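Here is the structure we will look at.
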Amino acid sequence: MDNKGVLVCGEIAEGKLAPITIELLGVGRKLADELGEELSALLMGSKTGGLGQEAIAYGADKVYVAEDSLLDNYNSDAYTQVAANLCLKVLPSIMLLGHTDVGCDLAPRLNGRLGGGLAMDCLALSVDPATKLLVSTRPVFGGNAHAGMISKSARPQMATLRLKIVPPAERNDSRQGEVIPVEGKIDPSALKVKVVDRIKEEVEGVKLEDAEVVVSGGRGIGSAQNFEMLWELARVLGGTVGATRPACDDGWAPMTLQVGQTGKVVSPKLYIAVALSGAIQHIAGCLGSKYIVAINKDNEANIFSVAHFGIVADHKEILPALTAKFKELLSA
Amino acid sequence: MNIIVCVKQVLDPEIPPAKFKIDPEAKQVIPPPGVPPVISLFDERAVEAACRLKDKQGGTITVISLGPEKASEVVKHAIAMGADEGYVLQDEAFENLDSFGIAYVLGKAIQKIGGYDLVLCGRQSADWGNSQVGSILAEILGIPVITLAGDIEAVDKKLRVKRIVRDGYEVLEAPMPSLVTVSNEIGLPRLPAGVRIMIAARKQVPVWKAQDIGAESSQLDKANAHTEVTSLSVPTRKTECEIVTGDTPGQAAENLAAKLAELL
Ligand SMILES: Cc1cc2nc3c(=O)[nH]c(=O)nc-3n(C[C@H](O)[C@H](O)[C@H](O)COP(=O)(O)OP(=O)(O)OC[C@H]3O[C@@H](n4cnc5c(N)ncnc54)[C@H](O)[C@@H]3O)c2cc1C
Ligand SMILES: Nc1ncnc2c1ncn2[C@@H]1O[C@H](COP(=O)(O)O)[C@@H](O)[C@H]1O
């Protein structure tokens, strides 16, 4: 097999290396060292400035930089083309991406084109000492189980890594490496899908992913009106509101506030789960919270098996008093 | 407009975690007795998306499902929702395929059906959740792909798709035919009307074998699998939960607030 080395597909966010890219460089460095091979990174964008050097400081030996105005924002066809061509030239043994908007789209497409072996949304990545194969651990059955996956012969061995699972790589500005511009123009005839518009949906108050306190509601909240009580509590605590899928489906909360396997992953200090059962697919999005609090009228609800504190009662009898008490305590 | 939807039959993903059992040796899940399998969540939404397009534009919806013969149940569910035809792809050689294998078989069936303007998949299957069959399938069929659709419209022989991203959405335009993977933001699936349920019940769902769709055995050979599952385990996560009480619910709430305020 000719494939060698680890390639991290990086992402640029607001002119900087995205946090997930720095996490991936840390994991990638470890895997590359265990294999005794090189770590390289690919950066795609319209302006990559000094970011190649940054990636080196975070552990890359080589950084391939593809600059093109067509790569300004994520464009599936353009990014797939550039990344696939680079892989065919560099022939990495392992290719890592983030489990982000970009990675979720790009990784399976690249895999389809390159004929590799891909594990999505991984929680752990390691090299098997005996076989030197990449072992990817990922949640299956909604998180009820974890599966280890390998790719015996297909290359590259690909994985997307879930955000905030590993610490960011350490920066070392004295590290040496090589920044290599990617040659060749993008073939515009292969760009079949046109990006017509990009819409940002601003939500009220604190961003869900950054919030220190998240008050989440489920189907048991009962109505959009009752959701107001969650907002009130969240405001008092300086946090924001999250929701389960059924609550979003019913329009009680905007879809952008869905927490879980197919929604956002949050890791606040305090996660207050109100009238939600604690389905695995939901708690996949909040297990990183420091404290989980459950308010549910059913003492057998699964949420109590992951919560640190709980009250068994109707939420309508709890929330007003809880909010009032917090108001009193926090103003004191 | 002719639409093909790929639907998978899965173990009901919403069984209580306590009922979830695996066979770590076989690396398989043991289905709990008496719990019928269901149509994979996002695939049902994909059928819904197809039905809405058909409501507006007319045309046909064909559903295909790779799985056991029993998978005719999810095909019939899709027919009850509004699909016209359906096929089950079942063959010993199709068992335990990886994502490339599944996409290959689906691709062969789609090529046999032909004449399509749009292929729909779910964003992720609700069991193994590999999140890649749609994109690989598009690559095999040589058609454009858009992932994570929250809305699909057909305008002037083009597809206009709202693609969900973390902080909003993108509006994308694709030629036909294309493949689109559907997310739950598309909205709730319709409840089949009684008449449609009758139609579905009487509908023949043909079973296609490898030879019916010209699937080559070399492509189905497990030795050529791109990925393999090497372990399956159930993670342990058990937190001691302190139940906070009080003389009244309001009192319990106040006690909880006092405890939490100390931790924050
Ligand atoms: C592939 C897949 C992906 C999924 N992704 C996600 C995801 O990202 N996020 C997500 O949330 N879900 C997701 N789901 C859905 C998930 O499986 C559950 O269906 C969902 O989380 C349940 O939502 P819930 O807890 O609000 O509703 P329920 O399970 O119906 O729970 C309602 C709870 O409210 C309690 N209750 C009712 N009334 C009251 C009251 N008055 N006071 C107090 N308590 C009350 C009940 O005791 C019950 O525990 C996914 C499912 C699948 C199959
Ligand atoms: N056995 C199958 N039969 C029909 N469609 C499938 C099958 N497996 C996967 N798919 C389709 O591919 C999508 C993504 O599946 P996956 O890559 O397994 O997460 C699903 O939502 C289905 O639309």
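Just remember, in the structure tokens the first chain shown is A, the second B, etc., residues are 1-based per chain, and ligands are 1-based in the order shown.
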| query | Within 6 Å of chain A, which residues of chain B show up when using only C-alpha atoms, listed as a ChimeraX atom specification? | reply | /B:127-128,132,135-136,139,165,167-174,226-234,238-239,241-244,250,253-254,257
I need the residues in stretch 61-203 of chain A that are helix (DSSP H, G or I) according to DSSP; give them as a PDB file with N, CA, C and O atoms, in the first residue's frame.
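Result file follows (states38.pdb):
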```pdb
ATOM      1  N   SER A  69     -11.163  32.150  -5.136  1.00  0.00           N
ATOM      2  CA  SER A  69     -12.356  32.898  -4.715  1.00  0.00           C
ATOM      3  C   SER A  69     -13.560  31.961  -4.636  1.00  0.00           C
ATOM      4  O   SER A  69     -14.503  32.212  -3.895  1.00  0.00           O
ATOM      5  N   LEU A  70     -13.529  30.880  -5.405  1.00  0.00           N
ATOM      6  CA  LEU A  70     -14.642  29.920  -5.365  1.00  0.00           C
ATOM      7  C   LEU A  70     -14.694  29.161  -4.042  1.00  0.00           C
ATOM      8  O   LEU A  70     -15.655  28.462  -3.751  1.00  0.00           O
ATOM      9  N   LEU A  71     -13.615  29.270  -3.259  1.00  0.00           N
ATOM     10  CA  LEU A  71     -13.573  28.541  -1.982  1.00  0.00           C
ATOM     11  C   LEU A  71     -13.887  29.461  -0.794  1.00  0.00           C
ATOM     12  O   LEU A  71     -13.677  29.099   0.354  1.00  0.00           O
ATOM     13  N   SER A  76     -19.951  22.723  -1.673  1.00  0.00           N
ATOM     14  CA  SER A  76     -19.733  21.280  -1.662  1.00  0.00           C
ATOM     15  C   SER A  76     -18.967  20.787  -2.888  1.00  0.00           C
ATOM     16  O   SER A  76     -17.979  20.055  -2.769  1.00  0.00           O
ATOM     17  N   ASP A  77     -19.413  21.195  -4.068  1.00  0.00           N
ATOM     18  CA  ASP A  77     -18.772  20.697  -5.295  1.00  0.00           C
ATOM     19  C   ASP A  77     -17.316  21.156  -5.391  1.00  0.00           C
ATOM     20  O   ASP A  77     -16.431  20.373  -5.762  1.00  0.00           O
ATOM     21  N   ALA A  78     -17.082  22.424  -5.054  1.00  0.00           N
ATOM     22  CA  ALA A  78     -15.729  22.961  -5.184  1.00  0.00           C
ATOM     23  C   ALA A  78     -14.786  22.331  -4.153  1.00  0.00           C
ATOM     24  O   ALA A  78     -13.672  21.914  -4.482  1.00  0.00           O
ATOM     25  N   TYR A  79     -15.229  22.263  -2.929  1.00  0.00           N
ATOM     26  CA  TYR A  79     -14.391  21.691  -1.874  1.00  0.00           C
ATOM     27  C   TYR A  79     -14.110  20.213  -2.136  1.00  0.00           C
ATOM     28  O   TYR A  79     -12.994  19.729  -1.917  1.00  0.00           O
ATOM     29  N   THR A  80     -15.138  19.493  -2.599  1.00  0.00           N
ATOM     30  CA  THR A  80     -14.941  18.064  -2.881  1.00  0.00           C
ATOM     31  C   THR A  80     -13.882  17.888  -3.964  1.00  0.00           C
ATOM     32  O   THR A  80     -12.991  17.046  -3.850  1.00  0.00           O
ATOM     33  N   GLN A  81     -14.000  18.710  -4.993  1.00  0.00           N
ATOM     34  CA  GLN A  81     -13.050  18.618  -6.097  1.00  0.00           C
ATOM     35  C   GLN A  81     -11.614  18.862  -5.641  1.00  0.00           C
ATOM     36  O   GLN A  81     -10.711  18.068  -5.916  1.00  0.00           O
ATOM     37  N   VAL A  82     -11.417  19.948  -4.910  1.00  0.00           N
ATOM     38  CA  VAL A  82     -10.064  20.311  -4.474  1.00  0.00           C
ATOM     39  C   VAL A  82      -9.503  19.244  -3.521  1.00  0.00           C
ATOM     40  O   VAL A  82      -8.368  18.782  -3.672  1.00  0.00           O
ATOM     41  N   ALA A  83     -10.336  18.839  -2.554  1.00  0.00           N
ATOM     42  CA  ALA A  83      -9.844  17.877  -1.563  1.00  0.00           C
ATOM     43  C   ALA A  83      -9.581  16.519  -2.203  1.00  0.00           C
ATOM     44  O   ALA A  83      -8.587  15.854  -1.892  1.00  0.00           O
ATOM     45  N   ALA A  84     -10.456  16.105  -3.110  1.00  0.00           N
ATOM     46  CA  ALA A  84     -10.260  14.797  -3.759  1.00  0.00           C
ATOM     47  C   ALA A  84      -8.981  14.812  -4.594  1.00  0.00           C
ATOM     48  O   ALA A  84      -8.185  13.867  -4.546  1.00  0.00           O
ATOM     49  N   ASN A  85      -8.780  15.890  -5.351  1.00  0.00           N
ATOM     50  CA  ASN A  85      -7.561  15.961  -6.165  1.00  0.00           C
ATOM     51  C   ASN A  85      -6.309  15.929  -5.307  1.00  0.00           C
ATOM     52  O   ASN A  85      -5.327  15.273  -5.638  1.00  0.00           O
ATOM     53  N   LEU A  86      -6.358  16.621  -4.182  1.00  0.00           N
ATOM     54  CA  LEU A  86      -5.184  16.635  -3.314  1.00  0.00           C
ATOM     55  C   LEU A  86      -4.926  15.235  -2.752  1.00  0.00           C
ATOM     56  O   LEU A  86      -3.781  14.773  -2.701  1.00  0.00           O
ATOM     57  N   CYS A  87      -5.999  14.565  -2.353  1.00  0.00           N
ATOM     58  CA  CYS A  87      -5.829  13.212  -1.800  1.00  0.00           C
ATOM     59  C   CYS A  87      -5.231  12.275  -2.833  1.00  0.00           C
ATOM     60  O   CYS A  87      -4.422  11.404  -2.505  1.00  0.00           O
ATOM     61  N   LEU A  88      -5.636  12.437  -4.069  1.00  0.00           N
ATOM     62  CA  LEU A  88      -5.111  11.556  -5.111  1.00  0.00           C
ATOM     63  C   LEU A  88      -3.624  11.809  -5.332  1.00  0.00           C
ATOM     64  O   LEU A  88      -2.881  10.929  -5.766  1.00  0.00           O
ATOM     65  N   LYS A  89      -3.166  13.028  -5.007  1.00  0.00           N
ATOM     66  CA  LYS A  89      -1.756  13.357  -5.163  1.00  0.00           C
ATOM     67  C   LYS A  89      -0.959  12.957  -3.917  1.00  0.00           C
ATOM     68  O   LYS A  89       0.081  12.316  -4.008  1.00  0.00           O
ATOM     69  N   VAL A  90      -1.494  13.292  -2.778  1.00  0.00           N
ATOM     70  CA  VAL A  90      -0.762  13.088  -1.523  1.00  0.00           C
ATOM     71  C   VAL A  90      -0.898  11.644  -1.018  1.00  0.00           C
ATOM     72  O   VAL A  90      -0.022  11.135  -0.325  1.00  0.00           O
ATOM     73  N   ASP A 101     -20.698  21.325   9.951  1.00  0.00           N
ATOM     74  CA  ASP A 101     -21.473  21.511   8.721  1.00  0.00           C
ATOM     75  C   ASP A 101     -20.653  21.101   7.501  1.00  0.00           C
ATOM     76  O   ASP A 101     -21.152  20.455   6.593  1.00  0.00           O
ATOM     77  N   VAL A 102     -19.381  21.513   7.496  1.00  0.00           N
ATOM     78  CA  VAL A 102     -18.513  21.200   6.364  1.00  0.00           C
ATOM     79  C   VAL A 102     -18.191  19.706   6.331  1.00  0.00           C
ATOM     80  O   VAL A 102     -18.405  19.020   5.330  1.00  0.00           O
ATOM     81  N   GLY A 103     -17.704  19.184   7.447  1.00  0.00           N
ATOM     82  CA  GLY A 103     -17.282  17.788   7.485  1.00  0.00           C
ATOM     83  C   GLY A 103     -18.412  16.807   7.203  1.00  0.00           C
ATOM     84  O   GLY A 103     -18.213  15.806   6.526  1.00  0.00           O
ATOM     85  N   CYS A 104     -19.598  17.131   7.728  1.00  0.00           N
ATOM     86  CA  CYS A 104     -20.738  16.221   7.534  1.00  0.00           C
ATOM     87  C   CYS A 104     -21.104  16.080   6.067  1.00  0.00           C
ATOM     88  O   CYS A 104     -21.628  15.059   5.632  1.00  0.00           O
ATOM     89  N   ASP A 105     -20.854  17.128   5.302  1.00  0.00           N
ATOM     90  CA  ASP A 105     -21.161  17.080   3.876  1.00  0.00           C
ATOM     91  C   ASP A 105     -19.976  16.555   3.074  1.00  0.00           C
ATOM     92  O   ASP A 105     -20.117  15.696   2.206  1.00  0.00           O
ATOM     93  N   LEU A 106     -18.805  17.087   3.405  1.00  0.00           N
ATOM     94  CA  LEU A 106     -17.611  16.795   2.608  1.00  0.00           C
ATOM     95  C   LEU A 106     -17.108  15.363   2.793  1.00  0.00           C
ATOM     96  O   LEU A 106     -16.753  14.687   1.821  1.00  0.00           O
ATOM     97  N   ALA A 107     -17.083  14.883   4.043  1.00  0.00           N
ATOM     98  CA  ALA A 107     -16.472  13.578   4.301  1.00  0.00           C
ATOM     99  C   ALA A 107     -17.141  12.440   3.511  1.00  0.00           C
ATOM    100  O   ALA A 107     -16.458  11.683   2.813  1.00  0.00           O
ATOM    101  N   PRO A 108     -18.472  12.306   3.590  1.00  0.00           N
ATOM    102  CA  PRO A 108     -19.084  11.209   2.830  1.00  0.00           C
ATOM    103  C   PRO A 108     -18.929  11.355   1.322  1.00  0.00           C
ATOM    104  O   PRO A 108     -18.792  10.358   0.601  1.00  0.00           O
ATOM    105  N   ARG A 109     -18.920  12.577   0.835  1.00  0.00           N
ATOM    106  CA  ARG A 109     -18.746  12.760  -0.615  1.00  0.00           C
ATOM    107  C   ARG A 109     -17.354  12.366  -1.046  1.00  0.00           C
ATOM    108  O   ARG A 109     -17.160  11.673  -2.045  1.00  0.00           O
ATOM    109  N   LEU A 110     -16.366  12.839  -0.287  1.00  0.00           N
ATOM    110  CA  LEU A 110     -14.981  12.490  -0.595  1.00  0.00           C
ATOM    111  C   LEU A 110     -14.804  10.987  -0.553  1.00  0.00           C
ATOM    112  O   LEU A 110     -14.175  10.387  -1.423  1.00  0.00           O
ATOM    113  N   ASN A 111     -15.385  10.405   0.480  1.00  0.00           N
ATOM    114  CA  ASN A 111     -15.279   8.964   0.640  1.00  0.00           C
ATOM    115  C   ASN A 111     -15.876   8.260  -0.569  1.00  0.00           C
ATOM    116  O   ASN A 111     -15.282   7.324  -1.109  1.00  0.00           O
ATOM    117  N   GLY A 112     -17.054   8.726  -0.998  1.00  0.00           N
ATOM    118  CA  GLY A 112     -17.690   8.128  -2.163  1.00  0.00           C
ATOM    119  C   GLY A 112     -16.799   8.236  -3.391  1.00  0.00           C
ATOM    120  O   GLY A 112     -16.717   7.329  -4.211  1.00  0.00           O
ATOM    121  N   ARG A 113     -16.112   9.351  -3.515  1.00  0.00           N
ATOM    122  CA  ARG A 113     -15.274   9.564  -4.689  1.00  0.00           C
ATOM    123  C   ARG A 113     -13.964   8.792  -4.611  1.00  0.00           C
ATOM    124  O   ARG A 113     -13.495   8.238  -5.595  1.00  0.00           O
ATOM    125  N   LEU A 114     -13.388   8.741  -3.416  1.00  0.00           N
ATOM    126  CA  LEU A 114     -12.059   8.118  -3.287  1.00  0.00           C
ATOM    127  C   LEU A 114     -12.151   6.618  -3.015  1.00  0.00           C
ATOM    128  O   LEU A 114     -11.168   5.897  -3.165  1.00  0.00           O
ATOM    129  N   PHE A 141     -26.860   3.287  17.012  1.00  0.00           N
ATOM    130  CA  PHE A 141     -28.176   3.145  17.642  1.00  0.00           C
ATOM    131  C   PHE A 141     -28.445   4.342  18.552  1.00  0.00           C
ATOM    132  O   PHE A 141     -28.784   4.186  19.717  1.00  0.00           O
ATOM    133  N   GLY A 142     -28.248   5.500  17.996  1.00  0.00           N
ATOM    134  CA  GLY A 142     -28.561   6.733  18.688  1.00  0.00           C
ATOM    135  C   GLY A 142     -27.713   7.010  19.905  1.00  0.00           C
ATOM    136  O   GLY A 142     -27.994   7.931  20.653  1.00  0.00           O
ATOM    137  N   GLY A 143     -26.659   6.227  20.111  1.00  0.00           N
ATOM    138  CA  GLY A 143     -25.816   6.424  21.284  1.00  0.00           C
ATOM    139  C   GLY A 143     -26.039   5.340  22.326  1.00  0.00           C
ATOM    140  O   GLY A 143     -25.361   5.292  23.345  1.00  0.00           O
ATOM    141  N   PRO A 188     -14.790  24.756 -13.322  1.00  0.00           N
ATOM    142  CA  PRO A 188     -16.120  25.295 -13.015  1.00  0.00           C
ATOM    143  C   PRO A 188     -17.247  24.430 -13.566  1.00  0.00           C
ATOM    144  O   PRO A 188     -18.367  24.470 -13.063  1.00  0.00           O
ATOM    145  N   SER A 189     -16.953  23.618 -14.597  1.00  0.00           N
ATOM    146  CA  SER A 189     -18.016  22.801 -15.178  1.00  0.00           C
ATOM    147  C   SER A 189     -18.461  21.704 -14.206  1.00  0.00           C
ATOM    148  O   SER A 189     -19.520  21.102 -14.364  1.00  0.00           O
ATOM    149  N   ALA A 190     -17.639  21.451 -13.171  1.00  0.00           N
ATOM    150  CA  ALA A 190     -18.010  20.419 -12.206  1.00  0.00           C
ATOM    151  C   ALA A 190     -18.800  20.999 -11.029  1.00  0.00           C
ATOM    152  O   ALA A 190     -19.169  20.278 -10.116  1.00  0.00           O
TER     153      ALA A 190
END
```
| Residue nearest B:Leu89 among B:Pro68, B:Pro235, B:Pro36, B:Gly107 (counting only C-alpha atoms) |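 Checking each candidate against B:Leu89, we get B:Pro68 as the closest.
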| message | Between atom CA of A:Gly184 and atom CA of A:Tyr64, what is the distance in Å, rounded to a tenth? | response |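 Those two atoms sit 12.5 Å apart.
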| Quick one: DSSP strand (DSSP E) residues in stretch 30-212 of chain A, as number ranges by chain? | A: 39-45, 62-67, 94-98, 117-122, 124-127, 134-140, 145-150, 157-161, 178-181, 194-200
Which residues are close to stretch 158-172 of chain A, i.e. within 6 Å by only C-alpha atoms, leaving aside same-chain residues fewer than 3 positions away? Reply as a PDB file with N, CA, C and O atoms, in the first residue's frame.
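Contents of selection-v2.pdb, as written:
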```pdb
ATOM      1  N   ILE A  22      -7.940  22.788  15.292  1.00  0.00           N
ATOM      2  CA  ILE A  22      -6.846  22.709  16.272  1.00  0.00           C
ATOM      3  C   ILE A  22      -6.962  21.408  17.079  1.00  0.00           C
ATOM      4  O   ILE A  22      -5.957  20.767  17.398  1.00  0.00           O
ATOM      5  N   GLU A  23      -8.206  20.995  17.339  1.00  0.00           N
ATOM      6  CA  GLU A  23      -8.399  19.702  18.007  1.00  0.00           C
ATOM      7  C   GLU A  23      -7.920  18.554  17.115  1.00  0.00           C
ATOM      8  O   GLU A  23      -7.228  17.632  17.562  1.00  0.00           O
ATOM      9  N   GLY A  26      -4.215  18.117  16.979  1.00  0.00           N
ATOM     10  CA  GLY A  26      -3.708  17.420  18.153  1.00  0.00           C
ATOM     11  C   GLY A  26      -3.837  15.913  18.008  1.00  0.00           C
ATOM     12  O   GLY A  26      -2.885  15.161  18.223  1.00  0.00           O
ATOM     13  N   ALA A  57       2.362  25.562  13.634  1.00  0.00           N
ATOM     14  CA  ALA A  57       2.564  25.777  15.078  1.00  0.00           C
ATOM     15  C   ALA A  57       1.742  24.794  15.894  1.00  0.00           C
ATOM     16  O   ALA A  57       2.125  24.407  16.994  1.00  0.00           O
ATOM     17  N   TYR A  58       0.619  24.376  15.354  1.00  0.00           N
ATOM     18  CA  TYR A  58      -0.236  23.425  16.081  1.00  0.00           C
ATOM     19  C   TYR A  58       0.090  21.970  15.759  1.00  0.00           C
ATOM     20  O   TYR A  58      -0.629  21.073  16.176  1.00  0.00           O
ATOM     21  N   ILE A  94      -4.514   8.171   6.384  1.00  0.00           N
ATOM     22  CA  ILE A  94      -5.619   8.562   7.251  1.00  0.00           C
ATOM     23  C   ILE A  94      -6.031   9.981   6.893  1.00  0.00           C
ATOM     24  O   ILE A  94      -5.180  10.840   6.659  1.00  0.00           O
ATOM     25  N   MET A  95      -7.336  10.219   6.853  1.00  0.00           N
ATOM     26  CA  MET A  95      -7.799  11.580   6.634  1.00  0.00           C
ATOM     27  C   MET A  95      -8.837  11.927   7.687  1.00  0.00           C
ATOM     28  O   MET A  95      -9.808  11.207   7.873  1.00  0.00           O
ATOM     29  N   LEU A  96      -8.615  13.051   8.385  1.00  0.00           N
ATOM     30  CA  LEU A  96      -9.508  13.441   9.474  1.00  0.00           C
ATOM     31  C   LEU A  96     -10.233  14.747   9.148  1.00  0.00           C
ATOM     32  O   LEU A  96      -9.623  15.690   8.636  1.00  0.00           O
ATOM     33  N   LEU A  97     -11.523  14.769   9.461  1.00  0.00           N
ATOM     34  CA  LEU A  97     -12.310  15.988   9.297  1.00  0.00           C
ATOM     35  C   LEU A  97     -13.097  16.233  10.580  1.00  0.00           C
ATOM     36  O   LEU A  97     -13.246  15.331  11.403  1.00  0.00           O
ATOM     37  N   GLY A  98     -13.618  17.449  10.721  1.00  0.00           N
ATOM     38  CA  GLY A  98     -14.472  17.741  11.868  1.00  0.00           C
ATOM     39  C   GLY A  98     -15.902  17.316  11.583  1.00  0.00           C
ATOM     40  O   GLY A  98     -16.332  17.333  10.424  1.00  0.00           O
ATOM     41  N   HIS A  99     -16.634  16.962  12.642  1.00  0.00           N
ATOM     42  CA  HIS A  99     -18.049  16.631  12.437  1.00  0.00           C
ATOM     43  C   HIS A  99     -18.845  17.936  12.507  1.00  0.00           C
ATOM     44  O   HIS A  99     -19.592  18.192  13.430  1.00  0.00           O
ATOM     45  N   GLY A 117     -12.656   4.380   3.506  1.00  0.00           N
ATOM     46  CA  GLY A 117     -13.506   3.789   4.547  1.00  0.00           C
ATOM     47  C   GLY A 117     -13.742   4.853   5.603  1.00  0.00           C
ATOM     48  O   GLY A 117     -12.790   5.387   6.163  1.00  0.00           O
ATOM     49  N   LEU A 118     -15.001   5.184   5.848  1.00  0.00           N
ATOM     50  CA  LEU A 118     -15.313   6.368   6.661  1.00  0.00           C
ATOM     51  C   LEU A 118     -16.140   6.029   7.886  1.00  0.00           C
ATOM     52  O   LEU A 118     -17.116   5.293   7.799  1.00  0.00           O
ATOM     53  N   ALA A 119     -15.748   6.600   9.026  1.00  0.00           N
ATOM     54  CA  ALA A 119     -16.553   6.530  10.251  1.00  0.00           C
ATOM     55  C   ALA A 119     -16.917   7.951  10.642  1.00  0.00           C
ATOM     56  O   ALA A 119     -16.042   8.800  10.808  1.00  0.00           O
ATOM     57  N   MET A 120     -18.206   8.212  10.820  1.00  0.00           N
ATOM     58  CA  MET A 120     -18.665   9.576  11.095  1.00  0.00           C
ATOM     59  C   MET A 120     -18.919   9.782  12.581  1.00  0.00           C
ATOM     60  O   MET A 120     -19.345   8.871  13.282  1.00  0.00           O
ATOM     61  N   ASP A 121     -18.711  11.014  13.048  1.00  0.00           N
ATOM     62  CA  ASP A 121     -19.070  11.434  14.401  1.00  0.00           C
ATOM     63  C   ASP A 121     -18.302  10.661  15.479  1.00  0.00           C
ATOM     64  O   ASP A 121     -18.881  10.210  16.464  1.00  0.00           O
ATOM     65  N   CYS A 122     -16.993  10.519  15.278  1.00  0.00           N
ATOM     66  CA  CYS A 122     -16.211   9.656  16.173  1.00  0.00           C
ATOM     67  C   CYS A 122     -15.972  10.315  17.532  1.00  0.00           C
ATOM     68  O   CYS A 122     -15.828  11.524  17.655  1.00  0.00           O
ATOM     69  N   ARG A 175       7.943  25.519  15.972  1.00  0.00           N
ATOM     70  CA  ARG A 175       7.864  24.323  15.115  1.00  0.00           C
ATOM     71  C   ARG A 175       8.135  24.692  13.663  1.00  0.00           C
ATOM     72  O   ARG A 175       7.722  25.732  13.164  1.00  0.00           O
TER      73      ARG A 175
END
```
Would you mind listing what lies within 12 Å of A:Asp72 as a compact mmCIF listing (two decimals) with N, CA, C and O atoms, in the first residue's frame, with only C-alpha atoms counted and same-chain residues fewer than 5 positions away left out?
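Result file is around-v9.txt:
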```txt
# COMPACT_ATOMS: atom_id res chain seq x y z
N GLU A 11 -10.48 23.75 8.73
CA GLU A 11 -11.55 24.71 8.44
C GLU A 11 -11.15 26.08 8.94
O GLU A 11 -10.52 26.20 9.99
N ILE A 12 -11.54 27.07 8.18
CA ILE A 12 -11.25 28.44 8.57
C ILE A 12 -12.56 29.10 8.99
O ILE A 12 -13.56 28.96 8.29
N ALA A 13 -12.55 29.71 10.15
CA ALA A 13 -13.76 30.40 10.62
C ALA A 13 -13.38 31.81 11.03
O ALA A 13 -12.52 32.00 11.89
N GLU A 14 -13.99 32.79 10.41
CA GLU A 14 -13.72 34.20 10.70
C GLU A 14 -12.23 34.51 10.66
O GLU A 14 -11.68 35.12 11.58
N GLY A 15 -11.60 34.03 9.61
CA GLY A 15 -10.20 34.34 9.39
C GLY A 15 -9.21 33.61 10.28
O GLY A 15 -8.01 33.85 10.23
N LEU A 43 -5.83 23.38 3.87
CA LEU A 43 -6.65 24.55 4.15
C LEU A 43 -7.22 25.08 2.85
O LEU A 43 -6.48 25.29 1.88
N MET A 44 -8.52 25.27 2.81
CA MET A 44 -9.17 25.80 1.62
C MET A 44 -9.87 27.10 1.96
O MET A 44 -10.52 27.20 3.00
N GLY A 45 -9.73 28.10 1.11
CA GLY A 45 -10.40 29.37 1.37
C GLY A 45 -10.04 30.38 0.29
O GLY A 45 -9.27 30.07 -0.63
N SER A 46 -10.61 31.57 0.41
CA SER A 46 -10.28 32.59 -0.58
C SER A 46 -9.03 33.35 -0.14
O SER A 46 -8.24 33.78 -0.95
N LYS A 47 -8.88 33.48 1.18
CA LYS A 47 -7.67 34.11 1.71
C LYS A 47 -7.23 33.27 2.90
O LYS A 47 -7.96 33.16 3.88
N THR A 48 -6.07 32.68 2.82
CA THR A 48 -5.65 31.84 3.93
C THR A 48 -4.53 32.50 4.74
O THR A 48 -4.15 32.00 5.79
N ALA A 66 -5.03 25.77 -0.48
CA ALA A 66 -5.75 26.00 -1.73
C ALA A 66 -6.49 27.33 -1.62
O ALA A 66 -7.39 27.46 -0.81
N GLU A 67 -6.05 28.30 -2.42
CA GLU A 67 -6.70 29.61 -2.39
C GLU A 67 -7.43 29.84 -3.69
O GLU A 67 -6.86 29.68 -4.78
N ALA A 78 -17.08 22.42 -5.05
CA ALA A 78 -15.73 22.96 -5.18
C ALA A 78 -14.79 22.33 -4.15
O ALA A 78 -13.67 21.91 -4.48
N TYR A 79 -15.23 22.26 -2.93
CA TYR A 79 -14.39 21.69 -1.87
C TYR A 79 -14.11 20.21 -2.14
O TYR A 79 -12.99 19.73 -1.92
N VAL A 195 -24.96 27.99 -5.01
CA VAL A 195 -25.37 28.56 -3.73
C VAL A 195 -26.08 29.88 -4.03
O VAL A 195 -25.47 30.82 -4.53
```
| Leaving out A:Val8 and any residue of its chain fewer than 3 positions from it, which residues lie within 8 Å of it when counting only C-alpha atoms, given as an MDAnalysis selection string? | chainID A and resid 21 24:25 28 39:42 95:97
| Taking into account only C-alpha atoms, which residue in the set B:Val75, B:Glu69, B:Lys56, B:Cys6 is nearest to B:Val38? |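 Among the listed residues, the smallest separation from B:Val38 belongs to B:Val75.
Of note, atom CA of A:Ser93 and atom CA of B:Asn224 are spaced 17.4 Å apart.
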| query | Counting only C-alpha atoms and all ligand atoms, which of B:Ala46, B:Ala215, B:Cys51, B:Ile15 gets nearest to ligand 1? | reply |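 Going through B:Ala46, B:Ala215, B:Cys51, B:Ile15 one by one, the smallest distance to ligand 1 is for B:Ile15.
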| request: Could you give me, as an MDAnalysis selection string, every polymer residue with an atom at most 6 Å away from an atom of ligand 2, counting only C-alpha atoms and all ligand atoms? | output: chainID B and resid 6:8 42:43 64:67 121:125 128:134
| message | Set the distance at 12 Å and use only C-alpha atoms: which residues neighbour B:Pro33 once local chain neighbours fewer than 3 positions away are removed? I'd like the list as a list in words. | response |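 With the cut-off at 12 Å, the set is Leu11, Asp12, Ile15, Lys19, Phe20, Lys21, Ile30, Pro36 and Pro37 of chain B.
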| query | Any idea what's packed within 6 Å of A:Gly285, counting only C-alpha atoms, ignoring anything in its chain fewer than 4 positions away? Could you give it as a PyMOL selection string? | reply | chain A and resi 259-261+265-266
